[in-house]
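To be precise, the following lines are protein.csv, and they hold CSV, C-alpha atoms.
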```
chain,number,residue,atom,x,y,z
A,1,MET,CA,-13.1,50.8,-33.1
A,2,THR,CA,-15.3,47.7,-33.4
A,3,SER,CA,-13.4,44.5,-32.8
A,4,ILE,CA,-13.3,41.8,-35.5
A,5,SER,CA,-11.7,38.4,-35.1
A,6,VAL,CA,-10.6,36.7,-38.3
A,7,VAL,CA,-10.4,32.9,-38.2
A,8,ILE,CA,-8.3,31.1,-40.8
A,9,PRO,CA,-8.4,27.3,-40.8
A,10,THR,CA,-5.6,25.7,-42.7
A,11,ARG,CA,-4.0,22.4,-43.5
A,12,GLY,CA,-1.1,22.1,-45.9
A,13,ARG,CA,-1.8,25.5,-47.5
A,14,HIS,CA,1.4,27.2,-46.5
A,15,HIS,CA,2.0,28.5,-50.1
A,16,PHE,CA,-1.3,30.4,-50.0
A,17,LEU,CA,-1.4,31.4,-46.4
A,18,ARG,CA,0.9,34.4,-46.6
A,19,GLN,CA,-1.3,36.0,-49.3
A,20,ALA,CA,-4.5,35.3,-47.3
A,21,VAL,CA,-3.1,36.9,-44.1
A,22,GLN,CA,-1.7,39.8,-46.1
A,23,SER,CA,-5.2,40.5,-47.5
A,24,VAL,CA,-6.5,40.7,-43.9
A,25,LEU,CA,-3.7,43.0,-42.8
A,26,ALA,CA,-4.5,45.3,-45.8
A,27,GLN,CA,-8.1,45.8,-44.7
A,28,GLY,CA,-9.3,49.4,-44.3
A,29,HIS,CA,-10.9,48.4,-41.0
A,30,ALA,CA,-8.1,46.5,-39.2
A,31,PRO,CA,-9.2,43.3,-37.4
A,32,HIS,CA,-8.5,43.0,-33.6
A,33,GLU,CA,-7.0,39.5,-34.1
A,34,ILE,CA,-6.2,37.0,-36.7
A,35,ILE,CA,-6.4,33.4,-35.5
A,36,VAL,CA,-4.8,30.8,-37.8
A,37,VAL,CA,-5.8,27.2,-36.9
A,38,ASP,CA,-3.3,24.7,-38.2
A,39,ASP,CA,-5.4,21.5,-38.6
A,40,GLY,CA,-2.6,19.0,-38.5
A,41,SER,CA,-0.4,20.3,-41.3
A,42,THR,CA,2.8,18.4,-42.2
A,43,ASP,CA,4.4,21.3,-44.1
A,44,ASP,CA,5.9,24.5,-42.7
A,45,THR,CA,2.6,26.2,-42.0
A,46,ALA,CA,3.5,26.8,-38.3
A,47,ALA,CA,6.8,28.5,-39.4
A,48,VAL,CA,5.0,30.7,-41.9
A,49,VAL,CA,2.5,31.8,-39.2
A,50,ALA,CA,5.3,32.3,-36.7
A,51,GLY,CA,7.1,34.6,-39.2
A,52,ILE,CA,4.0,36.7,-39.8
A,53,ALA,CA,3.2,36.8,-36.0
A,54,GLY,CA,6.7,38.0,-35.3
A,55,ARG,CA,5.9,41.1,-37.4
A,56,ASP,CA,2.3,41.6,-36.2
A,57,ALA,CA,1.1,40.7,-32.7
A,58,ARG,CA,-2.5,40.4,-33.8
A,59,VAL,CA,-1.6,37.1,-35.6
A,60,ARG,CA,-1.7,33.9,-33.5
A,61,LEU,CA,-1.5,30.2,-34.2
A,62,ILE,CA,-3.5,27.4,-32.7
A,63,ARG,CA,-2.4,23.9,-33.6
A,64,GLN,CA,-4.6,20.8,-33.4
A,65,CYS,CA,-4.6,17.3,-34.8
A,66,ASN,CA,-6.4,17.0,-38.1
A,67,ALA,CA,-10.1,17.1,-37.5
A,68,GLY,CA,-11.3,18.8,-40.7
A,69,VAL,CA,-11.9,22.4,-41.8
A,70,GLY,CA,-15.2,22.8,-39.9
A,71,ALA,CA,-13.6,21.7,-36.6
A,72,ALA,CA,-10.6,23.9,-37.2
A,73,ARG,CA,-12.9,26.9,-37.9
A,74,ASN,CA,-14.9,26.1,-34.7
A,75,THR,CA,-11.7,25.9,-32.7
A,76,GLY,CA,-10.8,29.4,-33.9
A,77,ILE,CA,-14.3,30.8,-33.2
A,78,ARG,CA,-14.2,29.4,-29.7
A,79,SER,CA,-11.0,31.3,-28.9
A,80,ALA,CA,-12.0,34.5,-30.7
A,81,LYS,CA,-12.5,37.6,-28.6
A,82,GLY,CA,-14.0,40.0,-31.2
A,83,ILE,CA,-17.6,41.3,-31.3
A,84,PHE,CA,-17.6,40.1,-34.9
A,85,LEU,CA,-16.2,37.0,-36.6
A,86,ALA,CA,-14.9,36.8,-40.1
A,87,PRO,CA,-13.8,33.4,-41.4
A,88,LEU,CA,-11.3,33.2,-44.3
A,89,ASP,CA,-10.1,30.0,-45.9
A,90,ALA,CA,-6.3,29.9,-46.2
A,91,ASP,CA,-6.4,29.8,-50.1
A,92,ASP,CA,-8.7,32.8,-50.4
A,93,VAL,CA,-8.0,36.6,-50.3
A,94,TRP,CA,-10.2,39.6,-49.6
A,95,GLU,CA,-10.5,42.9,-51.3
A,96,SER,CA,-9.2,45.7,-49.0
A,97,GLU,CA,-12.6,47.2,-48.2
A,98,LYS,CA,-14.4,43.9,-47.4
A,99,LEU,CA,-14.5,44.3,-43.6
A,100,GLU,CA,-15.2,48.0,-43.6
A,101,LEU,CA,-18.2,47.6,-46.0
A,102,GLN,CA,-19.6,44.7,-44.1
A,103,LEU,CA,-19.2,46.4,-40.8
A,104,ARG,CA,-21.0,49.4,-42.1
A,105,ARG,CA,-23.9,47.2,-43.4
A,106,MET,CA,-24.1,45.4,-40.1
A,107,SER,CA,-24.3,48.7,-38.3
A,108,GLU,CA,-27.0,50.0,-40.7
A,109,ARG,CA,-29.1,46.8,-40.2
A,110,GLY,CA,-28.9,46.9,-36.3
A,111,GLU,CA,-28.5,44.5,-33.5
A,112,ARG,CA,-30.9,42.0,-34.8
A,113,THR,CA,-28.7,41.3,-37.8
A,114,ALA,CA,-26.5,38.3,-37.2
A,115,LEU,CA,-24.7,37.9,-40.5
A,116,VAL,CA,-23.9,39.9,-43.6
A,117,TYR,CA,-22.1,38.6,-46.6
A,118,CYS,CA,-20.7,39.7,-49.9
A,119,TRP,CA,-20.3,38.4,-53.4
A,120,HIS,CA,-17.2,36.5,-54.5
A,121,ARG,CA,-15.3,35.7,-57.6
A,122,TRP,CA,-12.9,32.8,-58.4
A,123,ILE,CA,-9.3,33.6,-59.1
A,124,ASP,CA,-6.3,31.5,-60.0
A,125,GLU,CA,-3.0,31.2,-58.1
A,126,ASP,CA,-1.8,34.4,-59.8
A,127,GLY,CA,-4.9,36.4,-58.8
A,128,LEU,CA,-6.4,36.4,-62.3
A,129,ALA,CA,-10.2,36.2,-62.5
A,130,LEU,CA,-11.5,32.8,-63.8
A,131,GLY,CA,-14.9,34.3,-64.9
A,132,TYR,CA,-17.2,32.9,-62.2
A,133,GLN,CA,-18.8,35.4,-59.9
A,134,SER,CA,-21.6,35.2,-57.3
A,135,ASN,CA,-24.9,35.4,-59.0
A,136,SER,CA,-27.1,35.4,-55.9
A,137,THR,CA,-29.8,38.1,-55.7
A,138,VAL,CA,-30.8,37.4,-52.1
A,139,GLN,CA,-30.8,40.6,-50.1
A,140,GLY,CA,-32.5,41.9,-47.0
A,141,ASP,CA,-33.9,39.4,-44.5
A,142,ALA,CA,-32.5,36.1,-45.7
A,143,ARG,CA,-33.6,33.7,-43.0
A,144,THR,CA,-36.0,31.7,-45.1
A,145,ALA,CA,-33.7,31.8,-48.2
A,146,ILE,CA,-30.7,30.3,-46.4
A,147,LEU,CA,-32.8,27.4,-45.2
A,148,LEU,CA,-33.7,26.6,-48.9
A,149,ARG,CA,-30.2,26.8,-50.4
A,150,ASN,CA,-26.6,28.1,-49.7
A,151,PHE,CA,-26.7,31.3,-51.6
A,152,ILE,CA,-23.6,32.7,-49.7
A,153,GLY,CA,-21.3,30.6,-51.8
A,154,ASN,CA,-18.3,30.0,-49.6
A,155,ALA,CA,-17.0,30.3,-46.1
A,156,SER,CA,-14.8,33.3,-46.7
A,157,VAL,CA,-17.5,35.9,-47.4
A,158,PRO,CA,-19.7,36.3,-44.3
A,159,LEU,CA,-19.2,38.5,-41.2
A,160,PHE,CA,-21.0,37.2,-38.2
A,161,ARG,CA,-22.1,38.8,-34.9
A,162,ALA,CA,-20.1,36.6,-32.4
A,163,SER,CA,-23.1,36.6,-30.0
A,164,ALA,CA,-25.1,34.7,-32.7
A,165,VAL,CA,-22.6,31.9,-33.1
A,166,ASN,CA,-22.4,29.0,-30.7
A,167,CYS,CA,-19.6,26.5,-31.2
A,168,VAL,CA,-19.8,24.0,-28.4
```

This structure in structure tokens:
Amino acid sequence: MTSISVVIPTRGRHHFLRQAVQSVLAQGHAPHEIIVVDDGSTDDTAAVVAGIAGRDARVRLIRQCNAGVGAARNTGIRSAKGIFLAPLDADDVWESEKLELQLRRMSERGERTALVYCWHRWIDEDGLALGYQSNSTVQGDARTAILLRNFIGNASVPLFRASAVNCV
């Protein structure tokens, strides 16, 4: 089975975090590890993660002083051991087939493909669709398009080949 590391940066999102992690645990292609990076939370985020980790050894917590979501994501990426990296914001959820479909696409495209992504939709706190969905039409080799604009939409949709990401 191909290993995927899921990286979830969070700060003060304990009330969303359980649902985000649950959506990862429900994936058809199970991830190798789920790294939650607590970026200086003052709520009970650490306790929430400890509770989840007590039931699933793939979940681990890294705590750091507040440095921002990008720094927290990079901290998680640096400690990840998977062949692939899948970021997920703590207030987002995935459909159960996300990783499986993206991994299949990555395999179809071959070793030269560093990133695949999917569309997204906005939902409210109860999971009800708010009407906005991705409207990007960029497909295939997207190197030039990504330089011109962020058509990916948000940080929770890509799957990266770990060898293509360098977080120093």

d(CA of Val59 (chain A), CA of Leu85 (chain A)) in Å: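 Those two atoms sit 14.6 Å apart.
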
Residue list as a count of residues only for point (-22.6, 41.6, -27.1), cut-off 10 Å, all atoms listed in the file: 8

So that each row is one residue of region 2-58 of chain A with an atom at most 12 Å from region 95-98 of chain A, can you give its shortest atom pair and the distance in Å to one decimal, using all atoms listed in the file, rows by chain and rising number, as JSON lines?
```
{"residue": "A:Gln19", "atom": "CA", "partner": "A:Glu95", "partner_atom": "CA", "distance": 11.7}
{"residue": "A:Ala20", "atom": "CA", "partner": "A:Glu95", "partner_atom": "CA", "distance": 10.5}
{"residue": "A:Val21", "atom": "CA", "partner": "A:Ser96", "partner_atom": "CA", "distance": 11.8}
{"residue": "A:Gln22", "atom": "CA", "partner": "A:Ser96", "partner_atom": "CA", "distance": 10.0}
{"residue": "A:Ser23", "atom": "CA", "partner": "A:Ser96", "partner_atom": "CA", "distance": 6.7}
{"residue": "A:Val24", "atom": "CA", "partner": "A:Ser96", "partner_atom": "CA", "distance": 7.6}
{"residue": "A:Leu25", "atom": "CA", "partner": "A:Ser96", "partner_atom": "CA", "distance": 8.7}
{"residue": "A:Ala26", "atom": "CA", "partner": "A:Ser96", "partner_atom": "CA", "distance": 5.7}
{"residue": "A:Gln27", "atom": "CA", "partner": "A:Ser96", "partner_atom": "CA", "distance": 4.4}
{"residue": "A:Gly28", "atom": "CA", "partner": "A:Glu97", "partner_atom": "CA", "distance": 5.6}
{"residue": "A:His29", "atom": "CA", "partner": "A:Glu97", "partner_atom": "CA", "distance": 7.5}
{"residue": "A:Ala30", "atom": "CA", "partner": "A:Ser96", "partner_atom": "CA", "distance": 9.9}
{"residue": "A:Pro31", "atom": "CA", "partner": "A:Lys98", "partner_atom": "CA", "distance": 11.3}
```

Neighbours of point (-2.2, 19.7, -32.5) within 12 Å, using only C-alpha atoms, written as JSON, numbers by chain: {"A": [11, 37, 38, 39, 40, 41, 42, 46, 61, 62, 63, 64, 65, 66, 67, 72, 75]}

Nearest candidate to Asp89 (chain A) (options A:Arg13, A:Arg104, A:Arg55, A:Arg109; using all atoms listed in the file):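 Among A:Arg13, A:Arg104, A:Arg55, A:Arg109, it is A:Arg13 that comes nearest to Asp89 (chain A).
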
Mind dumping region 149-163 of chain A from that block, keeping all heavy atoms, as a PDB file, in the first residue's frame?
```
ATOM      1  N   ARG A 149      -2.120  32.027 -11.783  1.00  0.00           N
ATOM      2  CA  ARG A 149      -3.136  32.216 -10.751  1.00  0.00           C
ATOM      3  C   ARG A 149      -3.304  30.939  -9.948  1.00  0.00           C
ATOM      4  O   ARG A 149      -3.006  29.852 -10.413  1.00  0.00           O
ATOM      5  CB  ARG A 149      -4.479  32.630 -11.341  1.00  0.00           C
ATOM      6  CG  ARG A 149      -5.178  31.549 -12.130  1.00  0.00           C
ATOM      7  CD  ARG A 149      -6.509  32.056 -12.693  1.00  0.00           C
ATOM      8  NE  ARG A 149      -7.125  31.053 -13.524  1.00  0.00           N
ATOM      9  CZ  ARG A 149      -7.993  30.143 -13.088  1.00  0.00           C
ATOM     10  NH1 ARG A 149      -8.359  30.136 -11.834  1.00  0.00           N
ATOM     11  NH2 ARG A 149      -8.513  29.255 -13.904  1.00  0.00           N
ATOM     12  N   ASN A 150      -3.810  31.096  -8.720  1.00  0.00           N
ATOM     13  CA  ASN A 150      -4.072  29.942  -7.872  1.00  0.00           C
ATOM     14  C   ASN A 150      -5.424  29.350  -8.248  1.00  0.00           C
ATOM     15  O   ASN A 150      -6.457  29.776  -7.762  1.00  0.00           O
ATOM     16  CB  ASN A 150      -4.057  30.332  -6.398  1.00  0.00           C
ATOM     17  CG  ASN A 150      -4.433  29.170  -5.498  1.00  0.00           C
ATOM     18  OD1 ASN A 150      -4.537  28.032  -5.935  1.00  0.00           O
ATOM     19  ND2 ASN A 150      -4.658  29.463  -4.233  1.00  0.00           N
ATOM     20  N   PHE A 151      -5.407  28.373  -9.122  1.00  0.00           N
ATOM     21  CA  PHE A 151      -6.647  27.734  -9.527  1.00  0.00           C
ATOM     22  C   PHE A 151      -6.997  26.552  -8.620  1.00  0.00           C
ATOM     23  O   PHE A 151      -8.072  25.998  -8.708  1.00  0.00           O
ATOM     24  CB  PHE A 151      -6.561  27.243 -10.982  1.00  0.00           C
ATOM     25  CG  PHE A 151      -5.444  26.271 -11.224  1.00  0.00           C
ATOM     26  CD1 PHE A 151      -5.594  24.935 -10.960  1.00  0.00           C
ATOM     27  CD2 PHE A 151      -4.231  26.718 -11.707  1.00  0.00           C
ATOM     28  CE1 PHE A 151      -4.560  24.043 -11.167  1.00  0.00           C
ATOM     29  CE2 PHE A 151      -3.195  25.847 -11.935  1.00  0.00           C
ATOM     30  CZ  PHE A 151      -3.362  24.500 -11.657  1.00  0.00           C
ATOM     31  N   ILE A 152      -6.092  26.188  -7.712  1.00  0.00           N
ATOM     32  CA  ILE A 152      -6.338  25.053  -6.828  1.00  0.00           C
ATOM     33  C   ILE A 152      -7.397  25.398  -5.792  1.00  0.00           C
ATOM     34  O   ILE A 152      -8.210  24.566  -5.425  1.00  0.00           O
ATOM     35  CB  ILE A 152      -5.025  24.571  -6.174  1.00  0.00           C
ATOM     36  CG1 ILE A 152      -4.128  23.971  -7.258  1.00  0.00           C
ATOM     37  CG2 ILE A 152      -5.291  23.566  -5.071  1.00  0.00           C
ATOM     38  CD1 ILE A 152      -2.762  23.565  -6.791  1.00  0.00           C
ATOM     39  N   GLY A 153      -7.400  26.636  -5.313  1.00  0.00           N
ATOM     40  CA  GLY A 153      -8.491  27.099  -4.464  1.00  0.00           C
ATOM     41  C   GLY A 153      -8.218  27.105  -2.981  1.00  0.00           C
ATOM     42  O   GLY A 153      -8.451  28.096  -2.327  1.00  0.00           O
ATOM     43  N   ASN A 154      -7.750  26.008  -2.415  1.00  0.00           N
ATOM     44  CA  ASN A 154      -7.431  26.006  -0.987  1.00  0.00           C
ATOM     45  C   ASN A 154      -6.422  24.915  -0.675  1.00  0.00           C
ATOM     46  O   ASN A 154      -6.180  24.025  -1.484  1.00  0.00           O
ATOM     47  CB  ASN A 154      -8.692  25.918  -0.119  1.00  0.00           C
ATOM     48  CG  ASN A 154      -9.348  24.561  -0.161  1.00  0.00           C
ATOM     49  OD1 ASN A 154      -8.758  23.567   0.247  1.00  0.00           O
ATOM     50  ND2 ASN A 154     -10.580  24.507  -0.651  1.00  0.00           N
ATOM     51  N   ALA A 155      -5.864  24.974   0.520  1.00  0.00           N
ATOM     52  CA  ALA A 155      -4.762  24.089   0.897  1.00  0.00           C
ATOM     53  C   ALA A 155      -5.191  22.656   1.189  1.00  0.00           C
ATOM     54  O   ALA A 155      -4.345  21.788   1.348  1.00  0.00           O
ATOM     55  CB  ALA A 155      -4.033  24.667   2.105  1.00  0.00           C
ATOM     56  N   SER A 156      -6.462  22.384   1.248  1.00  0.00           N
ATOM     57  CA  SER A 156      -6.932  21.046   1.618  1.00  0.00           C
ATOM     58  C   SER A 156      -7.188  20.134   0.424  1.00  0.00           C
ATOM     59  O   SER A 156      -7.590  18.992   0.624  1.00  0.00           O
ATOM     60  CB  SER A 156      -8.213  21.156   2.453  1.00  0.00           C
ATOM     61  OG  SER A 156      -7.958  21.816   3.671  1.00  0.00           O
ATOM     62  N   VAL A 157      -6.960  20.592  -0.781  1.00  0.00           N
ATOM     63  CA  VAL A 157      -7.301  19.776  -1.938  1.00  0.00           C
ATOM     64  C   VAL A 157      -6.140  19.060  -2.640  1.00  0.00           C
ATOM     65  O   VAL A 157      -6.370  18.079  -3.324  1.00  0.00           O
ATOM     66  CB  VAL A 157      -8.126  20.579  -2.987  1.00  0.00           C
ATOM     67  CG1 VAL A 157      -9.415  21.084  -2.386  1.00  0.00           C
ATOM     68  CG2 VAL A 157      -7.339  21.715  -3.583  1.00  0.00           C
ATOM     69  N   PRO A 158      -4.879  19.476  -2.503  1.00  0.00           N
ATOM     70  CA  PRO A 158      -3.850  18.779  -3.259  1.00  0.00           C
ATOM     71  C   PRO A 158      -3.337  17.498  -2.595  1.00  0.00           C
ATOM     72  O   PRO A 158      -3.515  17.287  -1.381  1.00  0.00           O
ATOM     73  CB  PRO A 158      -2.712  19.801  -3.346  1.00  0.00           C
ATOM     74  CG  PRO A 158      -2.895  20.695  -2.191  1.00  0.00           C
ATOM     75  CD  PRO A 158      -4.364  20.691  -1.874  1.00  0.00           C
ATOM     76  N   LEU A 159      -2.722  16.665  -3.399  1.00  0.00           N
ATOM     77  CA  LEU A 159      -1.905  15.537  -2.962  1.00  0.00           C
ATOM     78  C   LEU A 159      -0.562  15.737  -3.650  1.00  0.00           C
ATOM     79  O   LEU A 159      -0.502  15.860  -4.869  1.00  0.00           O
ATOM     80  CB  LEU A 159      -2.520  14.201  -3.378  1.00  0.00           C
ATOM     81  CG  LEU A 159      -1.703  12.949  -3.040  1.00  0.00           C
ATOM     82  CD1 LEU A 159      -1.711  12.693  -1.533  1.00  0.00           C
ATOM     83  CD2 LEU A 159      -2.232  11.742  -3.793  1.00  0.00           C
ATOM     84  N   PHE A 160       0.513  15.827  -2.846  1.00  0.00           N
ATOM     85  CA  PHE A 160       1.846  16.085  -3.360  1.00  0.00           C
ATOM     86  C   PHE A 160       2.697  14.836  -3.292  1.00  0.00           C
ATOM     87  O   PHE A 160       2.569  14.045  -2.364  1.00  0.00           O
ATOM     88  CB  PHE A 160       2.588  17.132  -2.486  1.00  0.00           C
ATOM     89  CG  PHE A 160       1.970  18.467  -2.448  1.00  0.00           C
ATOM     90  CD1 PHE A 160       1.086  18.820  -1.444  1.00  0.00           C
ATOM     91  CD2 PHE A 160       2.313  19.429  -3.403  1.00  0.00           C
ATOM     92  CE1 PHE A 160       0.530  20.099  -1.390  1.00  0.00           C
ATOM     93  CE2 PHE A 160       1.760  20.692  -3.356  1.00  0.00           C
ATOM     94  CZ  PHE A 160       0.876  21.017  -2.354  1.00  0.00           C
ATOM     95  N   ARG A 161       3.621  14.720  -4.217  1.00  0.00           N
ATOM     96  CA  ARG A 161       4.684  13.734  -4.104  1.00  0.00           C
ATOM     97  C   ARG A 161       5.701  14.348  -3.129  1.00  0.00           C
ATOM     98  O   ARG A 161       6.196  15.442  -3.363  1.00  0.00           O
ATOM     99  CB  ARG A 161       5.306  13.480  -5.482  1.00  0.00           C
ATOM    100  CG  ARG A 161       6.137  12.249  -5.575  1.00  0.00           C
ATOM    101  CD  ARG A 161       6.566  11.990  -7.019  1.00  0.00           C
ATOM    102  NE  ARG A 161       5.457  11.722  -7.924  1.00  0.00           N
ATOM    103  CZ  ARG A 161       4.845  10.555  -8.072  1.00  0.00           C
ATOM    104  NH1 ARG A 161       5.241   9.523  -7.350  1.00  0.00           N
ATOM    105  NH2 ARG A 161       3.857  10.385  -8.927  1.00  0.00           N
ATOM    106  N   ALA A 162       6.004  13.673  -2.035  1.00  0.00           N
ATOM    107  CA  ALA A 162       6.882  14.223  -0.992  1.00  0.00           C
ATOM    108  C   ALA A 162       8.247  14.602  -1.549  1.00  0.00           C
ATOM    109  O   ALA A 162       8.829  15.597  -1.136  1.00  0.00           O
ATOM    110  CB  ALA A 162       7.032  13.229   0.152  1.00  0.00           C
ATOM    111  N   SER A 163       8.741  13.864  -2.500  1.00  0.00           N
ATOM    112  CA  SER A 163      10.063  14.147  -3.072  1.00  0.00           C
ATOM    113  C   SER A 163      10.096  15.486  -3.814  1.00  0.00           C
ATOM    114  O   SER A 163      11.171  16.019  -4.069  1.00  0.00           O
ATOM    115  CB  SER A 163      10.491  13.019  -4.013  1.00  0.00           C
ATOM    116  OG  SER A 163       9.565  12.888  -5.080  1.00  0.00           O
TER     117      SER A 163
END
```
